[in-house]
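The next block is my_file-v3.cif, given as mmCIF, C-alpha atoms.
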```cif
data_work
loop_
_atom_site.group_PDB
_atom_site.id
_atom_site.type_symbol
_atom_site.label_atom_id
_atom_site.label_comp_id
_atom_site.auth_asym_id
_atom_site.auth_seq_id
_atom_site.Cartn_x
_atom_site.Cartn_y
_atom_site.Cartn_z
ATOM 1 C CA MET E 9 -37.609 32.732 45.781
ATOM 2 C CA SER E 10 -36.080 35.402 43.566
ATOM 3 C CA GLU E 11 -37.922 36.516 40.452
ATOM 4 C CA ASN E 12 -34.720 36.779 38.410
ATOM 5 C CA THR E 13 -33.304 33.573 37.024
ATOM 6 C CA THR E 14 -30.672 32.585 34.515
ATOM 7 C CA SER E 15 -31.054 28.807 34.450
ATOM 8 C CA GLY E 16 -33.250 28.156 31.426
ATOM 9 C CA GLY E 17 -35.915 30.607 32.496
ATOM 10 C CA GLY E 18 -35.521 32.810 29.443
ATOM 11 C CA TYR E 19 -35.012 35.997 31.403
ATOM 12 C CA SER E 20 -32.397 37.560 33.603
ATOM 13 C CA GLY E 21 -32.380 40.636 35.738
ATOM 14 C CA GLU E 22 -28.586 40.802 35.777
ATOM 15 C CA THR E 23 -27.580 41.044 32.123
ATOM 16 C CA GLY E 24 -30.600 42.622 30.511
ATOM 17 C CA ASP E 25 -29.793 40.664 27.318
ATOM 18 C CA ALA E 26 -32.662 38.200 27.525
ATOM 19 C CA SER E 27 -36.233 39.181 26.870
ATOM 20 C CA LEU E 28 -38.641 39.423 29.770
ATOM 21 C CA VAL E 29 -41.551 38.518 27.487
ATOM 22 C CA ARG E 30 -42.231 34.834 26.997
ATOM 23 C CA PRO E 31 -42.477 33.803 23.327
ATOM 24 C CA TYR E 32 -46.114 32.658 23.610
ATOM 25 C CA ALA E 33 -47.067 36.079 24.989
ATOM 26 C CA ARG E 34 -45.823 37.696 21.764
ATOM 27 C CA THR E 35 -48.361 35.665 19.782
ATOM 28 C CA GLY E 36 -51.299 35.898 22.150
ATOM 29 C CA GLY E 37 -50.806 32.261 23.126
ATOM 30 C CA ARG E 38 -51.140 31.041 19.531
ATOM 31 C CA THR E 39 -48.725 28.372 18.378
ATOM 32 C CA LYS E 40 -49.884 27.862 14.792
ATOM 33 C CA PRO E 41 -49.789 30.521 12.076
ATOM 34 C CA GLY E 42 -52.897 31.332 10.077
ATOM 35 C CA ARG E 43 -51.103 30.296 6.876
ATOM 36 C CA GLU E 44 -48.374 27.876 5.827
ATOM 37 C CA LEU E 45 -44.934 29.460 5.825
ATOM 38 C CA ASP E 46 -41.938 27.446 4.659
ATOM 39 C CA LEU E 47 -38.823 28.133 6.692
ATOM 40 C CA GLU E 48 -36.879 29.035 3.534
ATOM 41 C CA ALA E 49 -39.625 31.345 2.181
ATOM 42 C CA LEU E 50 -38.426 34.897 1.576
ATOM 43 C CA VAL E 51 -40.181 37.781 3.303
ATOM 44 C CA LEU E 52 -40.301 41.339 1.928
ATOM 45 C CA PRO E 53 -42.016 44.445 3.270
ATOM 46 C CA THR E 54 -44.941 45.823 1.273
ATOM 47 C CA ALA E 55 -45.376 49.518 0.526
ATOM 48 C CA ASN E 56 -47.764 49.662 3.506
ATOM 49 C CA GLY E 57 -45.152 47.987 5.691
ATOM 50 C CA ARG E 58 -42.449 50.457 4.700
ATOM 51 C CA GLU E 59 -44.812 53.382 5.413
ATOM 52 C CA ALA E 60 -45.869 51.946 8.774
ATOM 53 C CA TRP E 61 -42.310 51.175 9.885
ATOM 54 C CA GLU E 62 -41.625 52.537 13.369
ATOM 55 C CA SER E 63 -45.273 53.464 13.797
ATOM 56 C CA PRO E 64 -46.323 53.519 17.445
ATOM 57 C CA LEU E 65 -49.341 51.432 16.430
ATOM 58 C CA LEU E 66 -47.191 48.428 15.503
ATOM 59 C CA SER E 67 -45.734 45.995 17.990
ATOM 60 C CA PRO E 68 -41.969 46.029 18.531
ATOM 61 C CA GLU E 69 -41.767 42.643 16.788
ATOM 62 C CA HIS E 70 -43.568 43.994 13.714
ATOM 63 C CA ASN E 71 -41.207 46.977 13.531
ATOM 64 C CA THR E 72 -38.187 44.707 13.896
ATOM 65 C CA VAL E 73 -39.405 42.319 11.182
ATOM 66 C CA ILE E 74 -39.950 45.238 8.783
ATOM 67 C CA GLU E 75 -36.452 46.493 9.581
ATOM 68 C CA ILE E 76 -34.930 43.033 9.023
ATOM 69 C CA CYS E 77 -36.843 42.630 5.749
ATOM 70 C CA GLN E 78 -35.387 45.699 4.048
ATOM 71 C CA ARG E 79 -33.430 43.064 2.185
ATOM 72 C CA SER E 80 -35.274 39.827 1.461
ATOM 73 C CA VAL E 81 -34.711 37.310 4.244
ATOM 74 C CA SER E 82 -36.068 33.867 5.036
ATOM 75 C CA VAL E 83 -38.564 33.029 7.739
ATOM 76 C CA ALA E 84 -35.805 31.084 9.534
ATOM 77 C CA GLU E 85 -33.455 34.074 9.501
ATOM 78 C CA ILE E 86 -36.164 36.332 10.920
ATOM 79 C CA ALA E 87 -36.697 33.852 13.765
ATOM 80 C CA ALA E 88 -32.954 33.816 14.456
ATOM 81 C CA GLN E 89 -32.663 37.605 14.459
ATOM 82 C CA LEU E 90 -35.748 38.000 16.672
ATOM 83 C CA ARG E 91 -34.310 35.279 18.940
ATOM 84 C CA VAL E 92 -37.652 33.493 19.089
ATOM 85 C CA PRO E 93 -38.633 29.924 18.209
ATOM 86 C CA LEU E 94 -39.509 29.318 14.563
ATOM 87 C CA GLY E 95 -43.184 28.739 15.418
ATOM 88 C CA VAL E 96 -43.421 32.137 17.103
ATOM 89 C CA ALA E 97 -41.786 33.847 14.114
ATOM 90 C CA ARG E 98 -44.219 32.098 11.757
ATOM 91 C CA VAL E 99 -47.209 33.378 13.759
ATOM 92 C CA ILE E 100 -45.822 36.941 13.801
ATOM 93 C CA ILE E 101 -45.074 36.879 10.056
ATOM 94 C CA ALA E 102 -48.476 35.357 9.192
ATOM 95 C CA ASP E 103 -50.155 38.138 11.198
ATOM 96 C CA MET E 104 -48.102 40.697 9.290
ATOM 97 C CA VAL E 105 -49.149 39.173 5.951
ATOM 98 C CA ASP E 106 -52.785 39.439 7.056
ATOM 99 C CA LEU E 107 -52.207 43.107 7.956
ATOM 100 C CA GLY E 108 -50.594 43.770 4.559
ATOM 101 C CA LEU E 109 -47.238 44.715 6.093
ATOM 102 C CA VAL E 110 -45.133 42.011 4.429
ATOM 103 C CA GLU E 111 -45.396 39.558 1.580
ATOM 104 C CA VAL E 112 -44.029 36.028 1.534
ATOM 105 C CA LEU E 113 -42.650 34.798 -1.765
ATOM 106 C CA LYS E 114 -43.472 31.282 -2.913
ATOM 107 C CA THR E 115 -40.713 28.731 -2.596
ATOM 108 C CA ALA E 116 -39.688 26.163 -5.164
ATOM 109 C CA ALA E 117 -41.099 23.462 -2.887
ATOM 110 C CA ALA E 118 -44.517 25.128 -2.894
ATOM 111 C CA ASP E 119 -44.764 24.668 -6.659
ATOM 112 C CA GLY E 120 -43.095 21.310 -7.061
ATOM 113 C CA ASP E 121 -41.879 18.128 -5.512
ATOM 114 C CA GLU E 122 -39.974 18.538 -2.247
ATOM 115 C CA ARG E 123 -37.826 15.567 -3.258
ATOM 116 C CA ASP E 124 -36.505 17.518 -6.260
ATOM 117 C CA PRO E 125 -32.692 17.169 -6.201
ATOM 118 C CA ALA E 126 -32.152 20.865 -7.013
ATOM 119 C CA PHE E 127 -34.380 21.877 -4.098
ATOM 120 C CA LEU E 128 -32.576 19.489 -1.739
ATOM 121 C CA ARG E 129 -29.197 20.898 -2.830
ATOM 122 C CA ARG E 130 -30.414 24.441 -2.062
ATOM 123 C CA VAL E 131 -31.594 23.356 1.372
ATOM 124 C CA LEU E 132 -28.291 21.591 2.060
ATOM 125 C CA SER E 133 -26.354 24.645 0.895
ATOM 126 C CA GLY E 134 -28.402 26.890 3.184
ATOM 127 C CA LEU E 135 -27.861 24.601 6.154
ATOM 128 C CA GLN E 136 -24.127 24.476 5.518
ATOM 129 C CA ARG E 137 -23.981 28.291 5.554
ATOM 130 C CA LEU E 138 -25.476 28.341 9.048
#
```
Once you've parsed the file, please lay out its structure as structure tokens.
Amino acid sequence: MSENTTSGGGYSGETGDASLVRPYARTGGRTKPGRELDLEALVLPTANGREAWESPLLSPEHNTVIEICQRSVSVAEIAAQLRVPLGVARVIIADMVDLGLVEVLKTAAADGDERDPAFLRRVLSGLQRL
């Protein structure tokens, strides 16, 4: 059987567009982040992250996240731009917080009631923009 596949296998030898690395391999097999990260939480690079950007010591995912975060972006947007499942992005971002490369800003839901109408309107607005 051929090693290259395009039917749901997540990789392709023909186009080169899909990643050859399985998402769980990017997180060392971990599926849960070391900290809670809301999908709408904004991520910004720290001074250390900006200095370490494109360092050969960082993984390609870490470099890409720092590049994406030059403007504040949500955890969900980072997952979309990395083209990885949300759980994988959360693990990568949580690792980066632990390394001091990025900071995650608190969300309104973290401080208050998630059933707050203003919060729900913001979530609805964000979903409609997708």
| Which polymer residues have any atom within 10 Å of an atom of Ala87 (chain E), counting only C-alpha atoms, with same-chain residues fewer than 5 positions away left out, as a list of chain:residue names? |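 The residues satisfying every condition are E:Leu47, E:Val73, E:Ser82, E:Val92, E:Pro93, E:Leu94, E:Gly95, E:Val96, E:Ala97, E:Arg98, E:Ile100, E:Ile101.
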| task | Please evaluate the PyMOL selection byres ((chain E and resi 77) around 12) against the structure above and give the resulting residues as JSON, numbers by chain. | result | {"E": [50, 51, 52, 53, 54, 57, 58, 61, 70, 71, 72, 73, 74, 75, 76, 78, 79, 80, 81, 82, 83, 85, 86, 87, 89, 90, 101, 104, 109, 110, 111, 112]}
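What separates CA of Leu65 (chain E) from CA of Gly108 (chain E) is a distance of 14.2 Å.
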| task | Grab the CA of Glu48 (chain E) to CA of Leu135 (chain E) distance for me, in Å with one decimal place. | result | 10.4 Å
